[in-house]
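Structure file work_9.txt (compact mmCIF, C-alpha atoms and all ligand atoms) follows.
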# COMPACT_ATOMS: atom_id res chain seq x y z
CA MET A 1070 -55.63 2.16 -97.78
CA ALA A 1071 -52.21 2.71 -99.50
CA VAL A 1072 -50.69 -0.66 -98.74
CA CYS A 1073 -53.72 -2.44 -100.21
CA SER A 1074 -53.96 -0.32 -103.39
CA SER A 1075 -50.33 -1.10 -104.29
CA MET A 1076 -51.03 -4.78 -103.85
CA ALA A 1077 -51.47 -5.30 -107.61
CA ALA A 1078 -47.87 -4.27 -108.15
CA TRP A 1079 -46.81 -6.63 -105.47
CA ALA A 1080 -48.91 -9.51 -106.81
CA ALA A 1081 -46.71 -9.81 -109.91
CA ALA A 1082 -43.62 -10.26 -107.85
CA ALA A 1083 -44.95 -11.90 -104.73
CA SER A 1084 -45.60 -15.62 -104.22
CA ALA A 1085 -49.10 -16.73 -103.15
CA GLY A 1086 -47.88 -17.05 -99.56
CA VAL A 1087 -46.58 -13.48 -99.36
CA LEU A 1088 -49.73 -12.23 -101.06
CA ALA A 1089 -51.83 -14.04 -98.45
CA ALA A 1090 -49.77 -12.37 -95.72
CA ILE A 1091 -50.38 -8.92 -97.23
CA LEU A 1092 -54.11 -9.65 -97.47
CA LEU A 1093 -54.17 -10.70 -93.84
CA PHE A 1094 -52.35 -7.48 -92.91
CA CYS A 1095 -54.94 -5.38 -94.75
CA LEU A 1096 -57.82 -7.19 -93.13
CA GLN A 1097 -56.32 -6.72 -89.67
CA GLU A 1098 -55.70 -3.03 -90.38
CA ALA A 1099 -59.29 -2.71 -91.61
CA VAL A 1100 -60.62 -4.24 -88.38
CA LEU A 1101 -58.48 -2.00 -86.18
CA GLU A 1102 -59.47 1.09 -88.18
CA ARG A 1103 -63.22 0.52 -87.84
CA PRO A 1104 -64.92 2.91 -85.35
CA PHE A 1105 -64.69 0.05 -82.95
CA SER A 1106 -63.15 -3.35 -82.70
CA LEU A 1107 -63.81 -6.04 -80.19
CA ARG A 1108 -61.47 -8.42 -78.40
CA PRO A 1109 -64.09 -10.48 -76.55
CA THR A 1110 -63.61 -13.52 -74.47
CA ARG A 1111 -66.84 -14.57 -76.24
CA PRO A 1112 -67.90 -14.51 -79.95
CA ALA A 1113 -67.86 -11.00 -81.48
CA LYS A 1114 -71.31 -11.35 -83.11
CA ASP A 1115 -73.23 -10.18 -80.05
CA MET A 1116 -71.71 -6.68 -80.05
CA GLU A 1117 -71.42 -6.27 -83.81
CA ASN A 1118 -73.97 -3.46 -84.08
CA ILE A 1119 -72.89 -1.55 -81.01
CA PHE A 1120 -73.90 1.72 -82.67
CA GLN A 1121 -77.38 0.26 -83.24
CA LEU A 1122 -77.54 -0.81 -79.60
CA VAL A 1123 -76.82 2.80 -78.58
CA ARG A 1124 -79.51 4.05 -80.95
CA ASN A 1125 -81.95 1.54 -79.44
CA VAL A 1126 -81.68 3.07 -75.97
CA ILE A 1127 -82.40 6.65 -76.98
CA PRO A 1128 -85.88 7.49 -75.60
CA PRO A 1129 -88.45 8.71 -78.14
CA MET A 1130 -89.56 12.37 -77.92
CA THR A 1131 -93.28 12.21 -77.17
CA SER A 1132 -95.85 14.64 -75.78
CA LYS A 1133 -96.78 12.04 -73.19
CA LYS A 1134 -93.70 12.63 -71.00
CA HIS A 1135 -93.27 14.94 -68.04
CA LYS A 1136 -90.22 16.99 -67.06
CA GLY A 1137 -87.48 14.78 -65.64
CA GLN A 1138 -88.48 11.55 -67.32
CA ASP A 1139 -85.65 11.74 -69.86
CA GLY A 1140 -83.09 12.12 -67.13
CA LYS A 1141 -82.19 13.87 -63.89
CA ILE A 1142 -78.42 13.92 -63.52
CA GLY A 1143 -76.40 14.98 -60.47
CA ILE A 1144 -72.79 16.18 -60.70
CA ILE A 1145 -70.65 16.07 -57.55
CA GLY A 1146 -67.80 18.48 -58.16
CA GLY A 1147 -66.76 22.11 -58.36
CA CYS A 1148 -64.35 23.88 -56.04
CA LYS A 1149 -62.42 27.14 -55.82
CA GLU A 1150 -59.83 26.04 -58.42
CA TYR A 1151 -62.12 24.16 -60.80
CA THR A 1152 -65.53 25.53 -61.81
CA GLY A 1153 -65.39 24.71 -65.51
CA ALA A 1154 -65.28 20.92 -65.19
CA PRO A 1155 -68.61 20.48 -63.36
CA TYR A 1156 -70.18 23.00 -65.70
CA PHE A 1157 -68.94 21.07 -68.76
CA ALA A 1158 -70.30 17.79 -67.37
CA ALA A 1159 -73.64 19.26 -66.27
CA ILE A 1160 -74.45 21.27 -69.43
CA THR A 1161 -73.42 18.33 -71.62
CA ALA A 1162 -75.96 16.13 -69.81
CA LEU A 1163 -78.70 18.64 -70.72
CA LYS A 1164 -77.47 18.98 -74.31
CA VAL A 1165 -77.46 15.19 -74.75
CA GLY A 1166 -81.11 15.12 -73.66
CA ALA A 1167 -81.47 14.99 -69.89
CA ASP A 1168 -84.25 17.20 -68.52
CA LEU A 1169 -82.55 18.34 -65.31
CA SER A 1170 -78.89 18.73 -64.37
CA GLN A 1171 -77.87 19.53 -60.80
CA VAL A 1172 -74.39 20.44 -59.54
CA PHE A 1173 -73.39 19.87 -55.90
CA CYS A 1174 -70.24 21.97 -55.35
CA THR A 1175 -68.45 23.97 -52.68
CA LYS A 1176 -69.89 27.27 -51.50
CA ASP A 1177 -67.35 29.48 -53.25
CA ALA A 1178 -67.75 27.64 -56.58
CA ALA A 1179 -71.55 27.86 -56.61
CA THR A 1180 -72.02 31.50 -57.63
CA VAL A 1181 -69.44 31.10 -60.35
CA ILE A 1182 -71.07 28.00 -61.83
CA LYS A 1183 -74.54 29.56 -61.55
CA SER A 1184 -73.21 32.50 -63.54
CA TYR A 1185 -72.24 30.20 -66.42
CA SER A 1186 -75.79 29.00 -67.05
CA PRO A 1187 -79.34 29.49 -65.77
CA GLU A 1188 -80.16 25.97 -66.95
CA LEU A 1189 -78.21 24.36 -64.11
CA ILE A 1190 -79.48 23.87 -60.56
CA VAL A 1191 -76.45 24.50 -58.33
CA HIS A 1192 -76.26 23.48 -54.64
CA PRO A 1193 -73.44 25.09 -52.55
CA VAL A 1194 -73.18 22.13 -50.16
CA LEU A 1195 -70.04 20.07 -50.86
CA ASP A 1196 -68.00 21.78 -48.08
CA HIS A 1197 -71.00 22.06 -45.74
CA PRO A 1198 -70.68 20.21 -42.38
CA ASN A 1199 -73.80 18.18 -43.32
CA ALA A 1200 -72.82 17.76 -46.97
CA VAL A 1201 -73.61 14.04 -47.10
CA SER A 1202 -77.13 14.41 -45.70
CA GLU A 1203 -77.73 17.53 -47.80
CA VAL A 1204 -76.91 15.59 -51.00
CA ASP A 1205 -78.63 12.40 -49.76
CA LYS A 1206 -81.93 14.32 -49.68
CA TRP A 1207 -81.67 14.78 -53.46
CA LEU A 1208 -80.55 11.26 -54.44
CA PRO A 1209 -84.10 9.79 -54.70
CA ARG A 1210 -84.78 12.53 -57.28
CA LEU A 1211 -81.76 11.67 -59.46
CA HIS A 1212 -81.24 8.93 -62.05
CA THR A 1213 -77.42 8.99 -62.21
CA LEU A 1214 -74.64 10.55 -60.17
CA VAL A 1215 -71.41 11.79 -61.81
CA ILE A 1216 -68.69 12.15 -59.17
CA GLY A 1217 -65.41 13.99 -59.61
CA PRO A 1218 -65.31 16.69 -62.28
CA GLY A 1219 -63.53 19.64 -60.66
CA MET A 1220 -64.02 18.16 -57.18
CA GLY A 1221 -60.45 18.86 -56.07
CA ARG A 1222 -58.49 16.72 -53.61
CA GLU A 1223 -59.08 18.36 -50.20
CA ASP A 1224 -59.45 15.67 -47.53
CA ALA A 1225 -62.73 17.06 -46.18
CA ILE A 1226 -64.29 17.10 -49.66
CA LEU A 1227 -63.00 13.60 -50.43
CA ASP A 1228 -64.53 12.37 -47.14
CA ASN A 1229 -67.86 13.92 -48.11
CA ALA A 1230 -67.64 12.32 -51.56
CA LYS A 1231 -66.99 8.95 -49.90
CA GLY A 1232 -70.12 9.37 -47.76
CA ILE A 1233 -72.16 10.43 -50.81
CA ILE A 1234 -71.00 7.35 -52.74
CA GLU A 1235 -72.08 5.12 -49.83
CA LYS A 1236 -75.54 6.75 -49.83
CA ALA A 1237 -75.83 6.42 -53.62
CA LYS A 1238 -74.82 2.74 -53.52
CA SER A 1239 -77.40 2.05 -50.79
CA LYS A 1240 -80.05 3.41 -53.18
CA GLY A 1241 -78.71 1.43 -56.16
CA LEU A 1242 -78.00 4.65 -58.06
CA PRO A 1243 -75.80 4.29 -61.15
CA ILE A 1244 -72.53 6.17 -60.56
CA VAL A 1245 -69.99 7.60 -63.03
CA ILE A 1246 -66.64 8.28 -61.36
CA ASP A 1247 -64.22 10.62 -63.12
CA ALA A 1248 -61.37 13.04 -62.39
CA ASP A 1249 -60.78 13.62 -58.67
CA GLY A 1250 -63.38 10.98 -57.88
CA LEU A 1251 -60.84 8.56 -59.37
CA TRP A 1252 -58.15 10.10 -57.15
CA LEU A 1253 -60.35 9.09 -54.16
CA ILE A 1254 -60.96 5.58 -55.54
CA ALA A 1255 -57.24 5.03 -56.10
CA GLN A 1256 -56.66 5.88 -52.40
CA GLN A 1257 -59.60 3.73 -51.16
CA PRO A 1258 -60.72 1.24 -53.87
CA SER A 1259 -63.10 -0.54 -51.47
CA ILE A 1260 -65.42 2.47 -51.68
CA ILE A 1261 -66.60 1.29 -55.11
CA GLN A 1262 -65.05 -2.17 -55.63
CA GLY A 1263 -67.69 -4.68 -56.73
CA TYR A 1264 -70.42 -2.07 -57.30
CA GLN A 1265 -71.30 -3.04 -60.86
CA ARG A 1266 -73.62 -0.05 -61.34
CA ALA A 1267 -70.53 2.15 -61.54
CA VAL A 1268 -68.46 3.26 -64.56
CA LEU A 1269 -64.94 4.65 -64.15
CA THR A 1270 -63.57 7.03 -66.82
CA PRO A 1271 -59.80 7.36 -66.21
CA ASN A 1272 -57.43 9.22 -68.49
CA PHE A 1273 -53.91 7.86 -68.95
CA MET A 1274 -52.65 9.17 -65.59
CA GLU A 1275 -55.75 8.20 -63.61
CA PHE A 1276 -55.66 4.71 -65.15
CA SER A 1277 -52.00 4.25 -64.21
CA ARG A 1278 -52.65 5.37 -60.62
CA LEU A 1279 -55.65 3.06 -60.21
CA TYR A 1280 -53.93 0.13 -61.92
CA GLU A 1281 -50.89 0.36 -59.65
CA ALA A 1282 -53.13 0.75 -56.56
CA MET A 1283 -55.12 -2.38 -57.47
CA LEU A 1284 -52.53 -4.65 -59.08
CA SER A 1285 -49.36 -3.45 -57.32
CA GLU A 1286 -47.45 -3.25 -60.59
CA PRO A 1287 -47.05 -0.67 -63.35
CA VAL A 1288 -49.40 -0.76 -66.33
CA GLU A 1289 -48.20 -3.03 -69.13
CA THR A 1290 -48.41 -0.40 -71.91
CA SER A 1291 -47.73 -3.05 -74.58
CA ASP A 1292 -50.90 -4.92 -73.52
CA GLN A 1293 -53.59 -2.24 -73.29
CA HIS A 1294 -56.47 -4.71 -73.76
CA GLY A 1295 -55.18 -7.01 -71.03
CA SER A 1296 -54.55 -4.08 -68.69
CA VAL A 1297 -58.10 -2.68 -68.89
CA LEU A 1298 -59.56 -6.20 -68.62
CA ARG A 1299 -57.42 -6.98 -65.55
CA LEU A 1300 -58.24 -3.70 -63.83
CA SER A 1301 -61.97 -4.18 -64.39
CA GLN A 1302 -61.75 -7.69 -62.97
CA ALA A 1303 -59.70 -6.45 -59.99
CA MET A 1304 -62.39 -3.82 -59.33
CA GLY A 1305 -65.09 -6.52 -59.32
CA ASN A 1306 -66.14 -6.20 -62.98
CA ILE A 1307 -66.91 -2.51 -62.81
CA THR A 1308 -67.03 -1.00 -66.32
CA ILE A 1309 -63.93 1.03 -67.10
CA ILE A 1310 -63.25 3.46 -69.97
CA GLN A 1311 -59.54 4.00 -70.43
CA LYS A 1312 -59.54 7.22 -72.44
CA GLY A 1313 -56.79 7.80 -74.95
CA GLU A 1314 -55.88 7.74 -78.64
CA ARG A 1315 -58.35 4.88 -78.72
CA ASP A 1316 -60.80 4.46 -75.85
CA LEU A 1317 -60.65 0.98 -74.35
CA ILE A 1318 -63.86 -0.09 -72.60
CA SER A 1319 -64.09 -3.23 -70.48
CA ASP A 1320 -66.49 -4.82 -67.98
CA GLY A 1321 -63.98 -7.55 -67.15
CA ASP A 1322 -65.59 -9.87 -69.70
CA LYS A 1323 -65.26 -8.00 -73.00
CA VAL A 1324 -63.01 -5.23 -74.30
CA LEU A 1325 -64.53 -2.73 -76.76
CA VAL A 1326 -62.34 -0.24 -78.58
CA CYS A 1327 -63.72 3.11 -79.68
CA SER A 1328 -61.44 4.67 -82.26
CA HIS A 1329 -64.05 7.02 -83.72
CA GLU A 1330 -62.24 9.90 -85.41
CA GLY A 1331 -61.63 12.90 -83.15
CA SER A 1332 -58.63 15.17 -83.67
CA SER A 1333 -55.19 15.92 -82.32
CA ARG A 1334 -56.46 18.79 -80.12
CA ARG A 1335 -56.11 17.93 -76.44
CA CYS A 1336 -57.55 20.92 -74.60
CA GLY A 1337 -58.74 20.40 -71.00
CA GLY A 1338 -62.38 19.61 -70.23
CA GLN A 1339 -63.05 16.95 -72.87
CA GLY A 1340 -63.21 14.20 -70.25
CA ASP A 1341 -65.76 16.24 -68.31
CA LEU A 1342 -67.94 16.40 -71.44
CA LEU A 1343 -67.62 12.62 -71.77
CA ALA A 1344 -68.59 12.08 -68.11
CA GLY A 1345 -71.72 14.24 -68.41
CA SER A 1346 -72.89 12.47 -71.58
CA LEU A 1347 -72.19 9.10 -69.96
CA GLY A 1348 -74.43 9.99 -67.01
CA VAL A 1349 -77.40 10.35 -69.37
CA LEU A 1350 -76.62 7.33 -71.56
CA VAL A 1351 -76.26 5.06 -68.52
CA HIS A 1352 -79.76 6.07 -67.37
CA TRP A 1353 -81.21 5.50 -70.85
CA ALA A 1354 -79.45 2.13 -71.31
CA LEU A 1355 -80.78 0.88 -67.96
CA LEU A 1356 -84.28 2.25 -68.69
CA ALA A 1357 -84.39 0.66 -72.17
CA GLY A 1358 -84.11 -2.85 -70.78
CA PRO A 1359 -82.13 -5.94 -71.97
CA GLU A 1360 -84.22 -6.65 -75.07
CA LYS A 1361 -83.26 -3.27 -76.59
CA ILE A 1362 -79.54 -3.95 -76.16
CA ASN A 1363 -79.34 -7.56 -77.22
CA ALA A 1364 -79.01 -8.51 -73.51
CA GLN A 1365 -75.61 -6.79 -73.46
CA ASN A 1366 -74.16 -4.96 -70.47
CA PRO A 1367 -75.96 -1.58 -70.47
CA PHE A 1368 -72.87 0.12 -69.06
CA LEU A 1369 -70.77 -1.09 -72.02
CA VAL A 1370 -73.37 0.23 -74.48
CA ALA A 1371 -73.59 3.59 -72.68
CA ALA A 1372 -69.80 3.87 -72.47
CA PHE A 1373 -69.38 3.26 -76.19
CA GLY A 1374 -72.03 5.88 -76.95
CA ALA A 1375 -70.39 8.50 -74.72
CA CYS A 1376 -66.92 7.84 -76.16
CA SER A 1377 -68.16 8.08 -79.75
CA LEU A 1378 -70.16 11.24 -79.05
CA THR A 1379 -67.23 12.99 -77.34
CA ARG A 1380 -64.89 12.18 -80.19
CA GLN A 1381 -67.44 13.29 -82.79
CA CYS A 1382 -67.90 16.62 -80.95
CA ASN A 1383 -64.11 17.02 -80.94
CA HIS A 1384 -63.94 16.18 -84.65
CA GLN A 1385 -66.65 18.66 -85.62
CA ALA A 1386 -65.30 21.47 -83.42
CA PHE A 1387 -61.76 20.92 -84.69
CA GLN A 1388 -62.98 21.17 -88.28
CA LYS A 1389 -64.26 24.64 -87.42
CA TYR A 1390 -61.65 26.01 -85.04
CA GLY A 1391 -58.50 23.92 -85.45
CA ARG A 1392 -55.82 24.59 -82.84
CA SER A 1393 -57.98 27.25 -81.10
CA MET A 1394 -60.77 24.75 -80.39
CA THR A 1395 -61.96 24.58 -76.75
CA THR A 1396 -64.30 22.25 -74.87
CA SER A 1397 -66.96 24.97 -75.00
CA ASP A 1398 -66.79 24.71 -78.81
CA MET A 1399 -67.28 20.94 -78.47
CA ILE A 1400 -70.34 21.45 -76.26
CA SER A 1401 -71.88 23.58 -79.01
CA GLU A 1402 -71.52 20.56 -81.31
CA VAL A 1403 -73.30 18.04 -79.04
CA GLY A 1404 -76.67 18.37 -80.79
CA THR A 1405 -75.41 17.91 -84.35
CA ALA A 1406 -72.89 15.24 -83.33
CA PHE A 1407 -75.58 13.26 -81.49
CA ASN A 1408 -77.93 13.57 -84.46
CA LYS A 1409 -75.24 12.47 -86.93
CA LEU A 1410 -74.18 9.45 -84.86
CA PHE A 1411 -77.45 8.20 -83.48
CA GLU A 1412 -80.45 9.72 -85.25
CA THR A 1413 -79.77 9.64 -88.98
N1 LIG B 1501 -61.75 23.99 -66.70
C1 LIG B 1501 -61.74 23.19 -65.65
O1 LIG B 1501 -62.29 23.48 -64.57
C2 LIG B 1501 -61.08 21.87 -65.80
C3 LIG B 1501 -60.85 21.16 -64.64
N2 LIG B 1501 -60.32 19.91 -64.66
C4 LIG B 1501 -60.22 19.20 -63.40
O2 LIG B 1501 -58.87 19.22 -62.97
C5 LIG B 1501 -58.74 18.20 -62.00
C6 LIG B 1501 -57.44 17.49 -62.28
O3 LIG B 1501 -57.57 16.90 -63.61
P1 LIG B 1501 -56.25 16.53 -64.42
O4 LIG B 1501 -56.66 15.77 -65.65
O5 LIG B 1501 -55.40 17.73 -64.63
O6 LIG B 1501 -55.50 15.62 -63.38
P2 LIG B 1501 -54.59 14.36 -63.61
O7 LIG B 1501 -53.94 14.18 -62.28
O8 LIG B 1501 -55.34 13.25 -64.20
O9 LIG B 1501 -53.53 14.78 -64.71
C7 LIG B 1501 -52.42 15.57 -64.27
C8 LIG B 1501 -51.65 15.91 -65.51
O10 LIG B 1501 -51.23 14.74 -66.20
C9 LIG B 1501 -50.92 15.14 -67.52
N3 LIG B 1501 -51.41 14.12 -68.47
C10 LIG B 1501 -52.67 13.91 -68.87
N4 LIG B 1501 -52.73 12.92 -69.78
C11 LIG B 1501 -51.45 12.49 -69.93
C12 LIG B 1501 -50.83 11.49 -70.75
N5 LIG B 1501 -51.58 10.75 -71.61
N6 LIG B 1501 -49.51 11.31 -70.67
C13 LIG B 1501 -48.78 12.05 -69.81
N7 LIG B 1501 -49.28 13.02 -69.03
C14 LIG B 1501 -50.60 13.24 -69.10
C15 LIG B 1501 -51.68 16.43 -67.79
O11 LIG B 1501 -50.75 17.47 -67.92
C16 LIG B 1501 -52.53 16.60 -66.52
O12 LIG B 1501 -52.78 17.93 -66.18
C17 LIG B 1501 -59.96 17.28 -62.14
O13 LIG B 1501 -60.91 17.52 -61.13
C18 LIG B 1501 -60.56 17.74 -63.45
O14 LIG B 1501 -61.97 17.54 -63.52
C19 LIG B 1501 -59.98 19.26 -65.90
O15 LIG B 1501 -61.07 18.44 -66.22
C20 LIG B 1501 -59.71 20.23 -67.03
C21 LIG B 1501 -60.70 21.34 -67.12
N1 LIG B 1502 -54.32 10.92 -78.32
C1 LIG B 1502 -55.63 11.06 -78.51
N2 LIG B 1502 -56.17 11.06 -79.76
C2 LIG B 1502 -57.51 11.20 -79.94
N3 LIG B 1502 -58.40 11.35 -78.94
C3 LIG B 1502 -57.91 11.36 -77.69
C4 LIG B 1502 -56.53 11.22 -77.39
N4 LIG B 1502 -56.36 11.24 -76.04
C5 LIG B 1502 -57.59 11.43 -75.52
N5 LIG B 1502 -58.52 11.49 -76.51
C6 LIG B 1502 -59.95 11.71 -76.35
O1 LIG B 1502 -60.12 12.94 -75.65
C7 LIG B 1502 -61.21 12.84 -74.71
C8 LIG B 1502 -60.72 13.18 -73.32
O2 LIG B 1502 -59.69 12.32 -72.98
P1 LIG B 1502 -58.58 12.86 -71.95
O3 LIG B 1502 -57.58 11.77 -71.81
O4 LIG B 1502 -58.15 14.22 -72.34
O5 LIG B 1502 -59.48 12.97 -70.63
P2 LIG B 1502 -59.19 13.90 -69.37
O6 LIG B 1502 -57.75 14.10 -69.15
O7 LIG B 1502 -60.00 13.29 -68.26
O8 LIG B 1502 -59.86 15.27 -69.81
P3 LIG B 1502 -60.18 16.49 -68.80
O9 LIG B 1502 -59.27 17.59 -69.22
O10 LIG B 1502 -61.63 16.80 -69.02
O11 LIG B 1502 -59.93 16.00 -67.41
C9 LIG B 1502 -61.74 11.42 -74.84
O12 LIG B 1502 -62.85 11.44 -75.72
C10 LIG B 1502 -60.61 10.66 -75.51
O13 LIG B 1502 -61.13 9.63 -76.36
MG MG B 1503 -60.46 14.27 -66.59

Produce structure tokens that represent the structure in this file.
Ligand SMILES: NC(=O)C1=CN([C@@H]2O[C@H](COP(=O)(O)OP(=O)(O)OC[C@H]3O[C@@H](n4cnc5c(N)ncnc54)[C@H](O)[C@@H]3O)[C@@H](O)[C@H]2O)[C@@H](O)CC1
Ligand SMILES: Nc1ncnc2c1ncn2[C@@H]1O[C@H](COP(=O)(O)OP(=O)(O)OP(=O)(O)O)[C@@H](O)[C@H]1O
Ligand SMILES: [Mg+2]
Amino acid sequence: MAVCSSMAAWAAAASAGVLAAILLFCLQEAVLERPFSLRPTRPAKDMENIFQLVRNVIPPMTSKKHKGQDGKIGIIGGCKEYTGAPYFAAITALKVGADLSQVFCTKDAATVIKSYSPELIVHPVLDHPNAVSEVDKWLPRLHTLVIGPGMGREDAILDNAKGIIEKAKSKGLPIVIDADGLWLIAQQPSIIQGYQRAVLTPNFMEFSRLYEAMLSEPVETSDQHGSVLRLSQAMGNITIIQKGERDLISDGDKVLVCSHEGSSRRCGGQGDLLAGSLGVLVHWALLAGPEKINAQNPFLVAAFGACSLTRQCNHQAFQKYGRSMTTSDMISEVGTAFNKLFET
């Protein structure tokens, strides 16, 4: 770190007090530059090895398992305009290690998404008159629901999504809400408020919309930690990932910061990859049980894992493709990124 290496030159001229101030500056910089830093309301020791906690929840590969045991993820999204987003989320869930990935989209998006990949099970039901009951039939066979990628904002679809969320909550299903699912939540926060088995994954714009809807004031950009903490508390301690240059993750009690190195490439679809990976990690973190995660909030552990993985995929893909990198290139990196972060 440049400022620290030139400290020797400074030492000759600086008094002990100034030197102490420079040391403090370096230490602070070092903390902020770590892959994560923590601003807890409780002692930092309990989340120190957050990476290890993520590793602890990854299920072992054994011959004793049957198809589906490592994860059955449902994606609610996909419409005429957006077919890539649900595909990105669904295929990422499989690449992270889920066994089955199902997309529930509108009729005219289904053939398109099916054409992207034979691995996905695609249901053309989201604009069906009985969409809610059609999806409800599948909920008992899913571990996590990811709502929003490419869902669009048509009133009829948003109404169906609201009904699907109610059904999922009644079954205690963990729910990731992203993209246009967050548009719905900003209009009607009570749909999810207080449901602590949900994780919200807003980008800058989605966070601002939700924050203003819940706290009736603009986001305080100079106090990012406080803002994500306050929004989580206002939502009833739902876990929130505020995506950005650094990802801020809060359950209303703690704030984790994921600043794992990514790149300066901001192509569309990266949030959809994050949402799909989060769907799997939430299932694994809940399945692992409290002893594997130091009795921490499983949604915090899963969120940190998904943020780190997404940024690592970005970093690896950018190394290869630079400015021409796309989210599809990132998806090709999921296996090696996951292995590098969590299995070596
Ligand atoms: N290939 C696809 O099918 C894709 C579909 N997508 C879907 O598109 C729908 C709308 O998503 P959007 O993210 O565009 O909608 P938003 O309403 O969140 O964002 C609208 C616009 O805000 C701007 N913006 C984003 N971050 C910003 C920042 N930090 N500061 C200032 N402006 C910023 C961007 O230009 C963005 O398009 C969602 O359903 C999403 O899933 C996207 O995920 C991208 C890829
Ligand atoms: N300025 C930045 N520097 C580094 N990484 C960033 C930056 N902004 C966002 N990211 C990372 O990019 C990923 C996607 O965040 P982004 O804000 O683009 O989500 P999004 O808008 O929902 O994406 P999508 O296009 O899929 O909807 C996250 O992993 C986030 O950490
Ligand atoms: Mg998004």

| Residue with smallest distance to A:Cys1382 - pool A:Thr1161, A:Ser1186, A:Ser1291, A:Thr1213, counting only C-alpha atoms | A:Thr1161

| said: Let me see if you get this right: every residue at most 10 Å from ligand LIG 1502 (chain B), counting all atoms listed in the file, written as an MDAnalysis selection string. | reply: chainID A and resid 1153:1155 1157:1158 1217:1219 1247:1249 1270:1276 1310:1317 1327:1344 1375:1384 1396

| field | Polymer residues at most 9 Å from stretch 1278-1283 of chain A, all atoms listed in the file, same-chain spacing of 2 or more positions, as a list in words | value |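 Residues near the query, excluding close chain neighbours: Leu1251, Trp1252, Ile1254, Ala1255, Gln1256, Gln1257, Pro1258, Pro1271, Phe1273, Met1274, Glu1275, Phe1276, Ser1285, Glu1286, Pro1287, Val1288, Ser1296, Val1297, Arg1299, Leu1300, Ala1303 and Met1304 of chain A.
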
Keeping C-alpha atoms for every residue in the selection just given, could you write it to a file as a PDB file, in the frame of the given file?
ATOM      1  CA  LEU A1251     -60.840   8.560 -59.370  1.00  0.00           C
ATOM      2  CA  TRP A1252     -58.150  10.100 -57.150  1.00  0.00           C
ATOM      3  CA  ILE A1254     -60.960   5.580 -55.540  1.00  0.00           C
ATOM      4  CA  ALA A1255     -57.240   5.030 -56.100  1.00  0.00           C
ATOM      5  CA  GLN A1256     -56.660   5.880 -52.400  1.00  0.00           C
ATOM      6  CA  GLN A1257     -59.600   3.730 -51.160  1.00  0.00           C
ATOM      7  CA  PRO A1258     -60.720   1.240 -53.870  1.00  0.00           C
ATOM      8  CA  PRO A1271     -59.800   7.360 -66.210  1.00  0.00           C
ATOM      9  CA  PHE A1273     -53.910   7.860 -68.950  1.00  0.00           C
ATOM     10  CA  MET A1274     -52.650   9.170 -65.590  1.00  0.00           C
ATOM     11  CA  GLU A1275     -55.750   8.200 -63.610  1.00  0.00           C
ATOM     12  CA  PHE A1276     -55.660   4.710 -65.150  1.00  0.00           C
ATOM     13  CA  SER A1285     -49.360  -3.450 -57.320  1.00  0.00           C
ATOM     14  CA  GLU A1286     -47.450  -3.250 -60.590  1.00  0.00           C
ATOM     15  CA  PRO A1287     -47.050  -0.670 -63.350  1.00  0.00           C
ATOM     16  CA  VAL A1288     -49.400  -0.760 -66.330  1.00  0.00           C
ATOM     17  CA  SER A1296     -54.550  -4.080 -68.690  1.00  0.00           C
ATOM     18  CA  VAL A1297     -58.100  -2.680 -68.890  1.00  0.00           C
ATOM     19  CA  ARG A1299     -57.420  -6.980 -65.550  1.00  0.00           C
ATOM     20  CA  LEU A1300     -58.240  -3.700 -63.830  1.00  0.00           C
ATOM     21  CA  ALA A1303     -59.700  -6.450 -59.990  1.00  0.00           C
ATOM     22  CA  MET A1304     -62.390  -3.820 -59.330  1.00  0.00           C
TER      23      MET A1304
END

| query | What is the distance between atom CA of A:Gln1138 and atom CA of A:Leu1208, in Å to one decimal? | reply |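 Spanning atom CA of A:Gln1138 to atom CA of A:Leu1208 is a straight-line distance of 15.1 Å.
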
| query | From the list A:Glu1223, A:Asp1168, A:Asp1228, A:Asp1139, which residue is nearest ligand LIG 1501 (chain B) when using all atoms listed in the file? | reply |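 Going through A:Glu1223, A:Asp1168, A:Asp1228, A:Asp1139 one by one, the smallest distance to ligand LIG 1501 (chain B) is for A:Glu1223.
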
| said: Between atom CA of A:Val1245 and atom O4 of ligand LIG 1501 (chain B), what distance in Å does the model show, to one decimal? | reply: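 Separation of atom CA of A:Val1245 and atom O4 of ligand LIG 1501 (chain B): 15.9 Å.
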
| request: Please provide the set of residues having any atom within 8 Å of A:Ala1406, restricted to all atoms listed in the file, with same-chain residues fewer than 2 positions apart removed, written as number ranges by chain. | output: A: 1378, 1381-1382, 1385, 1402-1404, 1408-1410

Centre and edge lengths of an axis-aligned box around all listed atoms of stretch 1365-1369 of chain A, with 3 Å added on each side, are to be given in Å to one decimal, as AutoDock Vina command-line options.
--center_x -73.4 --center_y -3.3 --center_z -71.3 --size_x 11.2 --size_y 12.9 --size_z 10.4

| By how many Å are atom CA of A:Thr1413 and atom CA of A:Leu1325 apart? | 23.1 Å

| Please, which residues are within 12 Å of (-71.7, 14.0, -41.9) by the file's coordinates, counting all atoms listed in the file, and could they come as a list in words? |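 The distance filter leaves exactly Val1194, Leu1195, Asp1196, His1197, Pro1198, Asn1199, Ala1200, Val1201, Ser1202, Glu1203, Val1204, Asp1205, Ala1225, Ile1226, Asp1228, Asn1229, Ala1230, Lys1231, Gly1232, Ile1233, Glu1235 and Lys1236 of chain A.
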
| Local residues around (-67.1, 27.3, -79.0), at most 12 Å away, using all atoms listed in the file, as a list in words |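 Output of the proximity query reads Cys1382, Asn1383, Gln1385, Ala1386, Phe1387, Gln1388, Lys1389, Tyr1390, Gly1391, Ser1393, Met1394, Thr1395, Thr1396, Ser1397, Asp1398, Met1399, Ile1400, Ser1401, Glu1402 and Val1403 of chain A.
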